[in-house]
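Source file: structure27.pdb (PDB, C-alpha atoms and all ligand atoms)
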```
MODEL        1
ATOM      1  CA  MET A   1     106.683 146.180  87.736  1.00  0.00           C
ATOM      2  CA  LYS A   2     107.865 145.483  91.238  1.00  0.00           C
ATOM      3  CA  LYS A   3     111.274 143.956  91.673  1.00  0.00           C
ATOM      4  CA  GLU A   4     109.699 140.897  93.294  1.00  0.00           C
ATOM      5  CA  ASN A   5     107.437 140.237  90.294  1.00  0.00           C
ATOM      6  CA  LEU A   6     110.313 140.747  87.920  1.00  0.00           C
ATOM      7  CA  LEU A   7     112.356 138.160  89.742  1.00  0.00           C
ATOM      8  CA  LYS A   8     109.421 135.724  89.671  1.00  0.00           C
ATOM      9  CA  GLN A   9     109.031 136.224  85.937  1.00  0.00           C
ATOM     10  CA  LYS A  10     112.709 135.563  85.426  1.00  0.00           C
ATOM     11  CA  ASN A  11     112.372 132.264  87.245  1.00  0.00           C
ATOM     12  CA  GLY A  12     109.178 131.351  85.380  1.00  0.00           C
ATOM     13  CA  GLU A  13     110.472 128.136  83.851  1.00  0.00           C
ATOM     14  CA  ALA A  14     111.727 126.879  87.203  1.00  0.00           C
ATOM     15  CA  LEU A  15     108.396 127.698  88.834  1.00  0.00           C
ATOM     16  CA  LEU A  16     106.546 125.730  86.153  1.00  0.00           C
ATOM     17  CA  LEU A  17     108.915 122.793  86.589  1.00  0.00           C
ATOM     18  CA  ALA A  18     108.516 122.994  90.365  1.00  0.00           C
ATOM     19  CA  LYS A  19     104.743 122.770  89.908  1.00  0.00           C
ATOM     20  CA  SER A  20     105.039 119.681  87.679  1.00  0.00           C
ATOM     21  CA  TYR A  21     107.530 118.172  90.098  1.00  0.00           C
ATOM     22  CA  LYS A  22     105.114 118.562  93.026  1.00  0.00           C
ATOM     23  CA  GLU A  23     102.268 117.012  91.023  1.00  0.00           C
ATOM     24  CA  LEU A  24     104.470 114.069  90.003  1.00  0.00           C
ATOM     25  CA  LYS A  25     105.580 113.590  93.606  1.00  0.00           C
ATOM     26  CA  LYS A  26     101.937 113.381  94.684  1.00  0.00           C
ATOM     27  CA  ARG A  27     101.298 110.718  92.028  1.00  0.00           C
ATOM     28  CA  GLU A  28     104.450 108.887  93.093  1.00  0.00           C
ATOM     29  CA  THR A  29     103.252 108.711  96.707  1.00  0.00           C
ATOM     30  CA  LYS A  30      99.857 107.420  95.581  1.00  0.00           C
ATOM     31  CA  LEU A  31     101.490 104.825  93.312  1.00  0.00           C
ATOM     32  CA  SER A  32     103.904 103.706  96.057  1.00  0.00           C
ATOM     33  CA  THR A  33     100.965 102.996  98.335  1.00  0.00           C
ATOM     34  CA  GLN A  34      99.190 101.052  95.580  1.00  0.00           C
ATOM     35  CA  LEU A  35     102.399  99.117  94.804  1.00  0.00           C
ATOM     36  CA  LEU A  36     102.853  98.143  98.431  1.00  0.00           C
ATOM     37  CA  LYS A  37      99.228  97.042  98.833  1.00  0.00           C
ATOM     38  CA  THR A  38      99.330  95.005  95.613  1.00  0.00           C
ATOM     39  CA  ARG A  39     102.636  93.383  96.542  1.00  0.00           C
ATOM     40  CA  THR A  40     101.373  92.460 100.014  1.00  0.00           C
ATOM     41  CA  LEU A  41      98.204  90.942  98.548  1.00  0.00           C
ATOM     42  CA  LEU A  42     100.207  89.137  95.838  1.00  0.00           C
ATOM     43  CA  GLN A  43     102.523  87.582  98.414  1.00  0.00           C
ATOM     44  CA  GLN A  44      99.532  86.486 100.509  1.00  0.00           C
ATOM     45  CA  VAL A  45      97.721  84.714  97.685  1.00  0.00           C
ATOM     46  CA  CYS A  46     100.767  83.297  95.877  1.00  0.00           C
ATOM     47  CA  ILE A  47     101.483  79.572  96.314  1.00  0.00           C
ATOM     48  CA  HIS A  48     105.225  80.128  95.651  1.00  0.00           C
ATOM     49  CA  ASN A  49     105.506  77.131  93.329  1.00  0.00           C
ATOM     50  CA  GLU A  50     108.353  78.536  91.234  1.00  0.00           C
ATOM     51  CA  THR A  51     111.507  79.503  93.057  1.00  0.00           C
ATOM     52  CA  LYS A  52     115.010  80.677  92.266  1.00  0.00           C
ATOM     53  CA  ILE A  53     118.232  80.800  94.241  1.00  0.00           C
ATOM     54  CA  VAL A  54     119.797  84.219  94.692  1.00  0.00           C
ATOM     55  CA  ASN A  55     123.325  84.577  96.029  1.00  0.00           C
ATOM     56  CA  ASP A  56     124.434  87.705  97.778  1.00  0.00           C
ATOM     57  CA  TYR A  57     127.776  88.691  99.183  1.00  0.00           C
ATOM     58  CA  THR A  58     128.741  91.424 101.589  1.00  0.00           C
ATOM     59  CA  PRO A  59     132.496  91.979 101.745  1.00  0.00           C
ATOM     60  CA  ALA A  60     134.267  92.181 105.067  1.00  0.00           C
ATOM     61  CA  GLY A  61     135.175  95.459 106.633  1.00  0.00           C
ATOM     62  CA  TYR A  62     137.381  96.447 109.517  1.00  0.00           C
ATOM     63  CA  LEU A  63     134.631  95.696 112.037  1.00  0.00           C
ATOM     64  CA  ASP A  64     132.366  93.391 110.013  1.00  0.00           C
ATOM     65  CA  ARG A  65     132.905  89.847 108.849  1.00  0.00           C
ATOM     66  CA  GLU A  66     132.161  88.951 105.227  1.00  0.00           C
ATOM     67  CA  VAL A  67     128.760  87.350 104.713  1.00  0.00           C
ATOM     68  CA  TYR A  68     127.639  84.925 102.020  1.00  0.00           C
ATOM     69  CA  VAL A  69     123.855  84.864 101.734  1.00  0.00           C
ATOM     70  CA  THR A  70     121.851  82.266  99.843  1.00  0.00           C
ATOM     71  CA  LYS A  71     118.195  83.163  99.405  1.00  0.00           C
ATOM     72  CA  VAL A  72     115.306  81.172  98.015  1.00  0.00           C
ATOM     73  CA  MET A  73     112.976  83.621  96.295  1.00  0.00           C
ATOM     74  CA  CYS A  74     109.571  83.100  94.706  1.00  0.00           C
ATOM     75  CA  LYS A  75     109.753  83.839  90.975  1.00  0.00           C
ATOM     76  CA  THR A  76     106.144  84.993  90.864  1.00  0.00           C
ATOM     77  CA  CYS A  77     105.837  87.335  93.829  1.00  0.00           C
ATOM     78  CA  GLY A  78     109.454  87.996  94.832  1.00  0.00           C
ATOM     79  CA  LYS A  79     108.979  86.861  98.438  1.00  0.00           C
ATOM     80  CA  GLU A  80     112.044  85.590 100.263  1.00  0.00           C
ATOM     81  CA  LEU A  81     111.115  82.065 101.354  1.00  0.00           C
ATOM     82  CA  ASP A  82     114.368  80.935 102.920  1.00  0.00           C
ATOM     83  CA  ARG A  83     117.750  82.428 103.795  1.00  0.00           C
ATOM     84  CA  LYS A  84     121.061  80.928 104.802  1.00  0.00           C
ATOM     85  CA  GLU A  85     123.950  83.071 105.943  1.00  0.00           C
ATOM     86  CA  VAL A  86     127.537  81.937 106.162  1.00  0.00           C
ATOM     87  CA  THR A  87     129.889  84.283 107.936  1.00  0.00           C
ATOM     88  CA  GLY A  88     133.520  84.488 106.862  1.00  0.00           C
ATOM     89  CA  GLY A  89     136.468  86.433 108.189  1.00  0.00           C
ATOM     90  CA  PHE A  90     137.250  90.080 108.748  1.00  0.00           C
ATOM     91  CA  GLY A  91     138.743  92.292 106.065  1.00  0.00           C
TER      92      GLY A  91
HETATM   93 ZN    ZN A 101     105.175  83.682  95.607  1.00  0.00          ZN
ENDMDL
END
```
Would you mind writing the file's structure down as structure tokens?
Ligand SMILES: [Zn+2]
Amino acid sequence: MKKENLLKQKNGEALLLAKSYKELKKRETKLSTQLLKTRTLLQQVCIHNETKIVNDYTPAGYLDREVYVTKVMCKTCGKELDRKEVTGGFG
């Protein structure tokens, strides 16, 4: 057996895993597209009648001020319906 074939055989398990990985990646891409399309459609048809408040905070850095974000999100479709940002001081 050629050295090249021997090396391939030695790495057989990795080659099989690489094959499965590539197939899964393909399915992932397909699913991502479907997810995006479904989410877009969902957010278009949703009447956003149930909402929740989500608070977010980004701490200040040397060059950035801290930011307090209050978002109104739809519970059904996850769309951000309103956003208020309050900027604080520097770190
Ligand atoms: Zn909605």
Could you pull out the residues sitting within 12 Å of ligand ZN 101 (chain A), using all atoms listed in the file, and write them as a PDB file with C-alpha atoms, keeping the file's coordinate frame?
```pdb
ATOM      1  CA  ARG A  39     102.636  93.383  96.542  1.00  0.00           C
ATOM      2  CA  THR A  40     101.373  92.460 100.014  1.00  0.00           C
ATOM      3  CA  LEU A  41      98.204  90.942  98.548  1.00  0.00           C
ATOM      4  CA  LEU A  42     100.207  89.137  95.838  1.00  0.00           C
ATOM      5  CA  GLN A  43     102.523  87.582  98.414  1.00  0.00           C
ATOM      6  CA  GLN A  44      99.532  86.486 100.509  1.00  0.00           C
ATOM      7  CA  VAL A  45      97.721  84.714  97.685  1.00  0.00           C
ATOM      8  CA  CYS A  46     100.767  83.297  95.877  1.00  0.00           C
ATOM      9  CA  ILE A  47     101.483  79.572  96.314  1.00  0.00           C
ATOM     10  CA  HIS A  48     105.225  80.128  95.651  1.00  0.00           C
ATOM     11  CA  ASN A  49     105.506  77.131  93.329  1.00  0.00           C
ATOM     12  CA  GLU A  50     108.353  78.536  91.234  1.00  0.00           C
ATOM     13  CA  THR A  51     111.507  79.503  93.057  1.00  0.00           C
ATOM     14  CA  LYS A  52     115.010  80.677  92.266  1.00  0.00           C
ATOM     15  CA  VAL A  72     115.306  81.172  98.015  1.00  0.00           C
ATOM     16  CA  MET A  73     112.976  83.621  96.295  1.00  0.00           C
ATOM     17  CA  CYS A  74     109.571  83.100  94.706  1.00  0.00           C
ATOM     18  CA  LYS A  75     109.753  83.839  90.975  1.00  0.00           C
ATOM     19  CA  THR A  76     106.144  84.993  90.864  1.00  0.00           C
ATOM     20  CA  CYS A  77     105.837  87.335  93.829  1.00  0.00           C
ATOM     21  CA  GLY A  78     109.454  87.996  94.832  1.00  0.00           C
ATOM     22  CA  LYS A  79     108.979  86.861  98.438  1.00  0.00           C
ATOM     23  CA  GLU A  80     112.044  85.590 100.263  1.00  0.00           C
ATOM     24  CA  LEU A  81     111.115  82.065 101.354  1.00  0.00           C
TER      25      LEU A  81
END
```
So what does the PyMOL selection byres (((chain A and resi 55-64) around 12) and not hetatm) actually pick up in this one, as a PyMOL selection string?
chain A and resi 52-54+65-73+82-91
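The interatomic distance for the pair atom CA of A:Lys19 and atom CA of A:Thr33 works out to 21.8 Å.
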Could you state the separation of atom CA of A:Leu16 and atom CA of A:Lys2 in Å, given to one decimal place?
20.4 Å
Point-to-point distance from atom CA of A:Leu15 to atom CA of A:Glu28, Å rounded to tenths
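Distance reported for this atom pair: 19.7 Å.
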Quick one: axis-aligned box around all listed atoms of stretch 2-16 of chain A, 5 Å on every side, centre and edge lengths in Å to one decimal, written as AutoDock Vina command-line options.
```
--center_x 109.6 --center_y 135.6 --center_z 88.6 --size_x 16.2 --size_y 29.8 --size_z 19.4
```
Save stretch 43-72 of chain A of the structure in the block above to a file, with N, CA and C atoms included, as a short mmCIF file (atom, residue, chain, number, x, y, z; two decimals), in the first residue's frame.
```cif
data_model
loop_
_atom_site.label_atom_id
_atom_site.label_comp_id
_atom_site.auth_asym_id
_atom_site.auth_seq_id
_atom_site.Cartn_x
_atom_site.Cartn_y
_atom_site.Cartn_z
N GLN A 43 -43.39 37.72 11.88
CA GLN A 43 -43.40 39.10 12.36
C GLN A 43 -44.28 40.00 11.50
N GLN A 44 -44.53 39.58 10.25
CA GLN A 44 -45.41 40.35 9.37
C GLN A 44 -46.87 40.12 9.69
N VAL A 45 -47.21 38.88 10.06
CA VAL A 45 -48.62 38.56 10.29
C VAL A 45 -49.05 38.77 11.74
N CYS A 46 -48.10 38.82 12.65
CA CYS A 46 -48.39 38.93 14.08
C CYS A 46 -49.03 40.29 14.41
N ILE A 47 -49.99 40.28 15.34
CA ILE A 47 -50.64 41.55 15.73
C ILE A 47 -49.99 42.13 17.00
N HIS A 48 -48.97 41.47 17.50
CA HIS A 48 -48.18 41.93 18.66
C HIS A 48 -49.06 42.36 19.84
N ASN A 49 -50.01 41.51 20.20
CA ASN A 49 -50.93 41.88 21.28
C ASN A 49 -50.41 41.53 22.68
N GLU A 50 -49.35 40.72 22.75
CA GLU A 50 -48.78 40.41 24.06
C GLU A 50 -47.32 40.86 24.07
N THR A 51 -47.01 41.77 24.97
CA THR A 51 -45.65 42.30 24.98
C THR A 51 -44.99 42.10 26.34
N LYS A 52 -43.68 42.22 26.34
CA LYS A 52 -42.91 42.17 27.58
C LYS A 52 -41.81 43.23 27.51
N ILE A 53 -41.40 43.68 28.70
CA ILE A 53 -40.33 44.67 28.78
C ILE A 53 -39.02 43.92 29.03
N VAL A 54 -38.02 44.26 28.25
CA VAL A 54 -36.71 43.64 28.42
C VAL A 54 -35.68 44.74 28.69
N ASN A 55 -34.98 44.62 29.79
CA ASN A 55 -33.95 45.61 30.13
C ASN A 55 -32.58 45.08 29.78
N ASP A 56 -31.78 45.96 29.23
CA ASP A 56 -30.44 45.60 28.80
C ASP A 56 -29.48 46.66 29.31
N TYR A 57 -28.29 46.25 29.60
CA TYR A 57 -27.31 47.21 30.10
C TYR A 57 -25.95 46.96 29.48
N THR A 58 -25.35 47.99 28.95
CA THR A 58 -24.00 47.88 28.44
C THR A 58 -23.10 48.73 29.32
N PRO A 59 -22.16 48.13 30.02
CA PRO A 59 -21.30 48.90 30.91
C PRO A 59 -20.39 49.88 30.16
N ALA A 60 -20.00 50.91 30.86
CA ALA A 60 -19.14 51.92 30.25
C ALA A 60 -17.73 51.40 30.05
N GLY A 61 -17.09 51.94 29.05
CA GLY A 61 -15.69 51.62 28.82
C GLY A 61 -14.88 52.90 28.87
N TYR A 62 -13.68 52.84 28.46
CA TYR A 62 -12.81 54.01 28.44
C TYR A 62 -13.33 55.05 27.46
N LEU A 63 -13.81 54.57 26.31
CA LEU A 63 -14.29 55.48 25.26
C LEU A 63 -15.81 55.49 25.10
N ASP A 64 -16.50 54.55 25.76
CA ASP A 64 -17.95 54.46 25.59
C ASP A 64 -18.68 54.73 26.90
N ARG A 65 -19.79 55.44 26.78
CA ARG A 65 -20.62 55.68 27.95
C ARG A 65 -21.45 54.43 28.23
N GLU A 66 -21.89 54.26 29.48
CA GLU A 66 -22.77 53.14 29.79
C GLU A 66 -24.14 53.42 29.18
N VAL A 67 -24.84 52.36 28.81
CA VAL A 67 -26.15 52.53 28.17
C VAL A 67 -27.17 51.60 28.82
N TYR A 68 -28.28 52.20 29.25
CA TYR A 68 -29.41 51.43 29.77
C TYR A 68 -30.45 51.37 28.65
N VAL A 69 -30.83 50.17 28.26
CA VAL A 69 -31.79 50.02 27.17
C VAL A 69 -33.06 49.35 27.70
N THR A 70 -34.19 49.95 27.40
CA THR A 70 -35.47 49.34 27.72
C THR A 70 -36.18 49.04 26.41
N LYS A 71 -36.47 47.75 26.21
CA LYS A 71 -37.10 47.34 24.95
C LYS A 71 -38.48 46.77 25.22
N VAL A 72 -39.40 47.06 24.31
CA VAL A 72 -40.71 46.43 24.35
C VAL A 72 -40.71 45.37 23.25
#
```
